[in-house]
>>> print(open('structure08.cif').read())   # mmCIF, C-alpha atoms
data_run
#
loop_
_atom_site.group_PDB
_atom_site.id
_atom_site.type_symbol
_atom_site.label_atom_id
_atom_site.label_comp_id
_atom_site.auth_asym_id
_atom_site.auth_seq_id
_atom_site.Cartn_x
_atom_site.Cartn_y
_atom_site.Cartn_z
ATOM 1 C CA LEU R 133 -19.874 5.373 10.957
ATOM 2 C CA ILE R 134 -17.942 8.200 9.292
ATOM 3 C CA TYR R 135 -15.018 7.124 7.171
ATOM 4 C CA ASN R 136 -11.771 9.058 6.901
ATOM 5 C CA GLY R 137 -11.588 11.492 4.008
ATOM 6 C CA ILE R 138 -8.630 11.945 1.660
ATOM 7 C CA LYS R 139 -7.746 15.060 -0.328
ATOM 8 C CA LYS R 140 -6.915 14.613 -4.018
ATOM 9 C CA TYR R 141 -3.299 14.798 -5.097
ATOM 10 C CA SER R 142 -1.914 17.492 -7.338
ATOM 11 C CA GLN R 143 -1.262 16.118 -10.817
ATOM 12 C CA ASP R 144 2.300 17.413 -10.481
ATOM 13 C CA VAL R 145 2.975 14.428 -8.225
ATOM 14 C CA PHE R 146 2.488 11.989 -11.088
ATOM 15 C CA LEU R 147 4.756 13.952 -13.413
ATOM 16 C CA LYS R 148 7.660 13.019 -11.116
ATOM 17 C CA ARG R 149 7.166 9.259 -11.440
ATOM 18 C CA ASN R 150 10.225 8.657 -13.594
ATOM 19 C CA ASP R 151 12.382 11.007 -11.512
ATOM 20 C CA TYR R 152 11.698 9.057 -8.343
ATOM 21 C CA ARG R 153 12.166 5.703 -10.016
ATOM 22 C CA GLU R 154 15.507 6.915 -11.312
ATOM 23 C CA GLU R 155 16.446 8.098 -7.809
ATOM 24 C CA LEU R 156 15.681 4.606 -6.514
ATOM 25 C CA GLY R 157 17.551 2.901 -9.345
ATOM 26 C CA ILE R 158 14.362 1.249 -10.585
ATOM 27 C CA THR R 159 14.311 0.391 -14.291
ATOM 28 C CA ALA R 160 11.266 0.929 -16.485
ATOM 29 C CA GLU R 161 10.503 -2.802 -16.683
ATOM 30 C CA THR R 162 10.766 -3.387 -12.909
ATOM 31 C CA VAL R 163 7.498 -3.677 -10.961
ATOM 32 C CA LEU R 164 7.819 -1.487 -7.874
ATOM 33 C CA ILE R 165 5.936 -2.597 -4.764
ATOM 34 C CA CYS R 166 5.413 -0.082 -1.962
ATOM 35 C CA MET R 167 4.361 -0.433 1.657
ATOM 36 C CA VAL R 168 3.791 2.685 3.760
ATOM 37 C CA ALA R 169 3.807 1.829 7.466
ATOM 38 C CA ASN R 170 6.015 2.668 10.414
ATOM 39 C CA LEU R 171 8.289 -0.192 11.410
ATOM 40 C CA ILE R 172 6.255 -1.733 14.225
ATOM 41 C CA PRO R 173 5.935 -5.520 14.723
ATOM 42 C CA TYR R 174 2.157 -5.615 14.218
ATOM 43 C CA LYS R 175 2.469 -3.995 10.777
ATOM 44 C CA GLY R 176 3.739 -7.349 9.482
ATOM 45 C CA HIS R 177 6.879 -6.292 7.640
ATOM 46 C CA SER R 178 8.441 -9.651 8.494
ATOM 47 C CA ASP R 179 5.594 -11.412 6.655
ATOM 48 C CA LEU R 180 6.263 -9.340 3.554
ATOM 49 C CA ILE R 181 9.972 -10.162 3.691
ATOM 50 C CA LYS R 182 9.252 -13.870 4.031
ATOM 51 C CA SER R 183 6.735 -13.750 1.192
ATOM 52 C CA ALA R 184 9.318 -12.021 -1.020
ATOM 53 C CA ALA R 185 11.475 -15.133 -0.752
ATOM 54 C CA LEU R 186 8.566 -17.165 -2.162
ATOM 55 C CA LEU R 187 7.732 -14.970 -5.145
ATOM 56 C CA GLU R 188 7.766 -16.866 -8.425
ATOM 57 C CA SER R 189 7.116 -13.950 -10.739
ATOM 58 C CA LYS R 190 8.458 -14.036 -14.279
ATOM 59 C CA ASN R 191 9.074 -10.283 -14.113
ATOM 60 C CA LYS R 192 11.564 -8.087 -12.299
ATOM 61 C CA TRP R 193 10.314 -6.553 -9.064
ATOM 62 C CA HIS R 194 11.508 -4.528 -6.084
ATOM 63 C CA ILE R 195 9.960 -3.596 -2.736
ATOM 64 C CA ILE R 196 10.292 -0.248 -0.962
ATOM 65 C CA LEU R 197 9.334 0.193 2.680
ATOM 66 C CA ILE R 198 8.440 3.729 3.781
ATOM 67 C CA GLY R 199 8.084 4.556 7.475
ATOM 68 C CA GLU R 200 10.129 5.476 10.506
ATOM 69 C CA ASP R 201 11.588 2.849 12.825
ATOM 70 C CA SER R 202 9.044 3.420 15.610
ATOM 71 C CA GLY R 203 9.466 -0.077 17.012
ATOM 72 C CA ASN R 204 13.264 -0.187 16.788
ATOM 73 C CA ILE R 205 13.052 -3.247 14.548
ATOM 74 C CA GLN R 206 14.692 -2.058 11.340
ATOM 75 C CA GLN R 207 17.997 -3.796 12.017
ATOM 76 C CA SER R 208 16.263 -7.083 12.790
ATOM 77 C CA LEU R 209 14.240 -6.734 9.577
ATOM 78 C CA ILE R 210 17.419 -6.074 7.608
ATOM 79 C CA GLU R 211 18.906 -9.236 9.103
ATOM 80 C CA LEU R 212 15.732 -11.084 8.091
ATOM 81 C CA THR R 213 16.146 -9.956 4.470
ATOM 82 C CA LYS R 214 19.654 -11.420 4.551
ATOM 83 C CA GLU R 215 18.443 -14.655 6.124
ATOM 84 C CA TYR R 216 15.848 -15.053 3.337
ATOM 85 C CA LYS R 217 18.300 -13.847 0.675
ATOM 86 C CA VAL R 218 16.169 -10.922 -0.521
ATOM 87 C CA GLU R 219 18.331 -8.064 0.775
ATOM 88 C CA ASP R 220 18.924 -6.836 -2.777
ATOM 89 C CA LYS R 221 15.173 -6.836 -3.497
ATOM 90 C CA ILE R 222 13.982 -4.729 -0.544
ATOM 91 C CA SER R 223 14.871 -1.116 0.300
ATOM 92 C CA PHE R 224 14.203 0.631 3.612
ATOM 93 C CA LEU R 225 13.569 4.307 2.841
ATOM 94 C CA GLY R 226 12.709 5.497 6.340
ATOM 95 C CA LYS R 227 10.386 8.406 7.035
ATOM 96 C CA LYS R 228 9.495 10.494 3.975
ATOM 97 C CA ASN R 229 7.665 13.809 3.722
ATOM 98 C CA ASN R 230 6.895 13.312 0.031
ATOM 99 C CA VAL R 231 5.183 9.923 0.204
ATOM 100 C CA PRO R 232 2.742 10.656 -2.677
ATOM 101 C CA CYS R 233 5.701 10.974 -5.056
ATOM 102 C CA TYR R 234 6.923 7.497 -4.109
ATOM 103 C CA LEU R 235 3.386 6.140 -4.483
ATOM 104 C CA ALA R 236 3.226 7.670 -7.951
ATOM 105 C CA ALA R 237 6.511 5.938 -8.767
ATOM 106 C CA SER R 238 5.133 2.569 -7.625
ATOM 107 C CA ASP R 239 3.030 -0.089 -9.355
ATOM 108 C CA ILE R 240 1.562 -2.070 -6.451
ATOM 109 C CA GLY R 241 0.714 -1.254 -2.846
ATOM 110 C CA VAL R 242 0.679 -3.648 0.102
ATOM 111 C CA LEU R 243 -0.365 -3.470 3.749
ATOM 112 C CA THR R 244 0.405 -6.602 5.764
ATOM 113 C CA SER R 245 -0.844 -5.564 9.208
ATOM 114 C CA HIS R 246 -1.821 -8.049 11.896
ATOM 115 C CA GLN R 247 -4.175 -5.431 13.316
ATOM 116 C CA GLU R 248 -5.401 -2.155 11.910
ATOM 117 C CA GLY R 249 -7.884 0.652 12.372
ATOM 118 C CA PHE R 250 -8.851 2.394 9.163
ATOM 119 C CA SER R 251 -5.609 3.182 7.386
ATOM 120 C CA ASN R 252 -5.102 6.561 5.739
ATOM 121 C CA ALA R 253 -1.934 5.164 4.141
ATOM 122 C CA LEU R 254 -4.085 2.530 2.430
ATOM 123 C CA LEU R 255 -6.499 5.140 1.065
ATOM 124 C CA GLU R 256 -3.613 7.320 -0.089
ATOM 125 C CA SER R 257 -2.094 4.384 -1.958
ATOM 126 C CA MET R 258 -5.411 3.647 -3.657
ATOM 127 C CA LEU R 259 -5.828 7.311 -4.562
ATOM 128 C CA ALA R 260 -2.447 7.118 -6.305
ATOM 129 C CA GLY R 261 -3.959 4.402 -8.520
ATOM 130 C CA LEU R 262 -2.195 1.465 -6.886
ATOM 131 C CA PRO R 263 -3.828 -1.971 -6.835
ATOM 132 C CA MET R 264 -3.648 -3.100 -3.211
ATOM 133 C CA ILE R 265 -2.870 -6.365 -1.483
ATOM 134 C CA VAL R 266 -3.950 -6.110 2.154
ATOM 135 C CA THR R 267 -4.593 -8.337 5.132
ATOM 136 C CA ASP R 268 -8.110 -9.077 6.312
ATOM 137 C CA VAL R 269 -7.961 -6.999 9.501
ATOM 138 C CA GLY R 270 -9.604 -3.806 10.747
ATOM 139 C CA GLY R 271 -10.940 -1.555 8.012
ATOM 140 C CA ASN R 272 -8.754 -3.002 5.244
ATOM 141 C CA PRO R 273 -11.529 -5.125 3.674
ATOM 142 C CA GLU R 274 -13.883 -2.130 3.848
ATOM 143 C CA ALA R 275 -11.489 -0.091 1.718
ATOM 144 C CA VAL R 276 -10.267 -2.796 -0.671
ATOM 145 C CA VAL R 277 -12.882 -4.815 -2.546
ATOM 146 C CA ASP R 278 -11.363 -8.272 -2.957
ATOM 147 C CA SER R 279 -10.667 -9.202 -6.578
ATOM 148 C CA LYS R 280 -11.986 -5.816 -7.792
ATOM 149 C CA THR R 281 -9.587 -3.188 -6.457
ATOM 150 C CA GLY R 282 -6.959 -5.600 -5.180
ATOM 151 C CA TYR R 283 -6.708 -8.679 -2.983
ATOM 152 C CA VAL R 284 -7.543 -9.294 0.661
ATOM 153 C CA VAL R 285 -5.524 -12.095 2.269
ATOM 154 C CA PRO R 286 -5.487 -13.636 5.767
ATOM 155 C CA PRO R 287 -2.981 -12.050 8.165
ATOM 156 C CA HIS R 288 0.216 -14.041 8.847
ATOM 157 C CA ASN R 289 -0.390 -16.143 5.711
ATOM 158 C CA VAL R 290 2.951 -15.720 3.942
ATOM 159 C CA HIS R 291 2.201 -18.213 1.156
ATOM 160 C CA GLU R 292 -1.118 -16.609 0.181
ATOM 161 C CA LEU R 293 0.478 -13.169 0.305
ATOM 162 C CA ALA R 294 3.238 -14.322 -2.040
ATOM 163 C CA ASN R 295 0.698 -15.970 -4.336
ATOM 164 C CA LYS R 296 -1.341 -12.800 -4.748
ATOM 165 C CA ILE R 297 1.719 -10.571 -5.164
ATOM 166 C CA SER R 298 3.075 -12.878 -7.883
ATOM 167 C CA LYS R 299 -0.278 -12.907 -9.637
ATOM 168 C CA ILE R 300 -0.586 -9.144 -9.772
ATOM 169 C CA ILE R 301 3.064 -8.588 -10.744
ATOM 170 C CA ASP R 302 2.643 -10.764 -13.808
ATOM 171 C CA LYS R 303 -0.633 -9.215 -15.005
ATOM 172 C CA PRO R 304 -0.143 -5.542 -15.907
ATOM 173 C CA GLU R 305 -3.667 -5.284 -17.311
ATOM 174 C CA LEU R 306 -5.080 -6.504 -13.993
ATOM 175 C CA ARG R 307 -2.912 -4.023 -12.086
ATOM 176 C CA LYS R 308 -4.301 -1.209 -14.192
ATOM 177 C CA GLU R 309 -7.900 -2.372 -13.789
ATOM 178 C CA PHE R 310 -7.619 -2.715 -10.011
ATOM 179 C CA GLY R 311 -5.806 0.607 -9.752
ATOM 180 C CA VAL R 312 -8.397 2.549 -11.747
ATOM 181 C CA LEU R 313 -11.308 1.080 -9.795
ATOM 182 C CA GLY R 314 -9.540 1.603 -6.471
ATOM 183 C CA LYS R 315 -8.839 5.252 -7.211
ATOM 184 C CA LYS R 316 -12.459 5.774 -8.251
ATOM 185 C CA ARG R 317 -13.636 4.095 -5.033
ATOM 186 C CA VAL R 318 -11.600 6.476 -2.878
ATOM 187 C CA GLU R 319 -12.724 9.517 -4.871
ATOM 188 C CA THR R 320 -16.396 8.610 -4.470
ATOM 189 C CA LYS R 321 -16.593 6.923 -1.055
ATOM 190 C CA PHE R 322 -13.622 8.225 0.926
ATOM 191 C CA SER R 323 -13.252 11.792 -0.316
ATOM 192 C CA LEU R 324 -12.610 14.678 2.061
ATOM 193 C CA ALA R 325 -15.854 16.291 0.858
ATOM 194 C CA ASN R 326 -17.834 13.177 1.830
ATOM 195 C CA CYS R 327 -16.193 13.079 5.246
ATOM 196 C CA VAL R 328 -16.999 16.745 5.944
ATOM 197 C CA SER R 329 -20.570 16.296 4.719
ATOM 198 C CA GLU R 330 -21.155 13.332 7.037
ATOM 199 C CA TYR R 331 -19.868 15.291 10.049
ATOM 200 C CA GLU R 332 -22.127 18.208 9.114
ATOM 201 C CA LYS R 333 -25.109 15.844 9.102
ATOM 202 C CA VAL R 334 -24.224 14.640 12.602
ATOM 203 C CA TYR R 335 -23.886 18.199 13.929
ATOM 204 C CA ASP R 336 -27.185 19.204 12.309
ATOM 205 C CA LEU R 337 -28.913 16.198 13.849
ATOM 206 C CA VAL R 338 -27.561 16.962 17.330
ATOM 207 C CA LEU R 339 -28.201 20.699 17.223
ATOM 208 C CA ASN R 340 -31.742 20.356 15.880
ATOM 209 C CA ASN R 341 -32.915 17.858 18.520
#
>>> encode(input="structure08.cif", output="C-alpha cells")
Amino acid sequence: LIYNGIKKYSQDVFLKRNDYREELGITAETVLICMVANLIPYKGHSDLIKSAALLESKNKWHIILIGEDSGNIQQSLIELTKEYKVEDKISFLGKKNNVPCYLAASDIGVLTSHQEGFSNALLESMLAGLPMIVTDVGGNPEAVVDSKTGYVVPPHNVHELANKISKIIDKPELRKEFGVLGKKRVETKFSLANCVSEYEKVYDLVLNN
C-alpha cells in the first residue's frame, strides 16, 4: 500500500489568512469551518447542513463549502439550508483555484462522505493545520487518528457529527492540539517525498527480480 503524497505549502499562504477572512466577511471571533468536496450526493453535504441546525455551540461559527456543482445539487442544498434555517450560516463558494488560502483562513475541516477513497482534500486540510471531523469510510480513519488529530464519526449520523463539531468549536486549545498533530502526521507519513520513495522501492524490487 502506497499512500498519496502531499507537497508542503508556501508560508505565504498563511500570511493571507486575515485577507481571506475579510473577503468572506468572517470576524476574528468567528470559528470558520471548511469542507472541500465537489457537490455530489455521496459527499454528504446534506448531512453537514442538517447537523448545522443542531449545533449548540456557545461561540460564533460559519461554514464554507468549496467545490464545483458536479452533481447538479447545489440548488437543492441551498433549499435545504433554508428548510433548516441555516442559510445565513453556510456559504457555497464553488470551485476555487486557491483552496490552500481558504484552508489557511479556516479553523476546522470536515469531510462527511458516505463513501471515499483516500482523499487528497483531507490531507491538504490537515497540512494546513486544521483539526478534522470525518466520517468512518474509505481511507478517512487511516488519515485522521480519532481523538488525536480530530474526530471520526459514523457516516449519516447527523447528531454525532453535530456533537463533535460543537465540541471542537468550543475548545480552541483542543483545535490547536489536533491541528498541530494532524499537520505533523501528514508531514511525516503522507509527504510527497515518502510517496516517491515508496514507488522507488517497488520499481527496484520489480527490476531486480
>>> residues_around(input="structure08.cif", residues="Lys221 of chain R", least_positions_apart="6", cutoff="8 Å", atoms="all atoms listed in the file", output="ChimeraX atom specification")
/R:193-195
>>> resolve_selection(input="structure08.cif", expression="the PyMOL selection byres ((chain R and resi 250) around 12)", output="PyMOL selection string")
chain R and resi 133-137+243+245+247-249+251-256+268-276+322
>>> closest_residue(input="structure08.cif", among="R:Gly176, R:Pro232, R:Pro304, R:Gly226", to="Asn191 of chain R", atoms="all atoms listed in the file")
R:Pro304
>>> resolve_selection(input="structure08.cif", expression="the PyMOL selection byres ((chain R and resi 162) around 12)", output="VMD selection string")
chain R and resid 153 to 154 156 to 161 163 to 165 189 to 195 221 237 to 240 301 to 302 304
>>> residues_around(input="structure08.cif", residues="Ser257 of chain R", least_positions_apart="3", cutoff="10 Å", atoms="all atoms listed in the file", output="list in words")
Cys166, Met167, Val168, Val231, Pro232, Tyr234, Leu235, Ala236, Ser238, Ile240, Gly241, Val242, Leu243, Asn252, Ala253, Leu254, Ala260, Gly261, Leu262, Pro263, Met264, Gly311, Gly314, Lys315 and Val318 of chain R
>>> atom_distance(input="structure08.cif", atom1="atom CA of Asn289 of chain R", atom2="atom CA of Glu188 of chain R")
16.3 Å
>>> closest_residue(input="structure08.cif", among="R:Glu305, R:Ala185, R:Cys233, R:Leu180", to="Ser142 of chain R", atoms="only C-alpha atoms")
R:Cys233
>>> atom_distance(input="structure08.cif", atom1="atom CA of Leu186 of chain R", atom2="atom CA of Ala169 of chain R")
21.8 Å
>>> resolve_selection(input="structure08.cif", expression="the PyMOL selection byres ((chain R and resi 283-288) around 6)", output="list in words")
His246, Ile265, Val266, Thr267, Asp268, Asp278, Ser279, Gly282, Asn289 and Val290 of chain R
>>> closest_residue(input="structure08.cif", among="R:Ile222, R:Val328, R:Ile138, R:Ile300", to="Ala184 of chain R", atoms="all atoms listed in the file")
R:Ile222
>>> closest_residue(input="structure08.cif", among="R:Gln143, R:Asn150, R:Asn229, R:Thr244", to="Ser183 of chain R", atoms="only C-alpha atoms")
R:Thr244
>>> atom_distance(input="structure08.cif", atom1="atom CA of Ser223 of chain R", atom2="atom CA of Leu197 of chain R")
6.2 Å
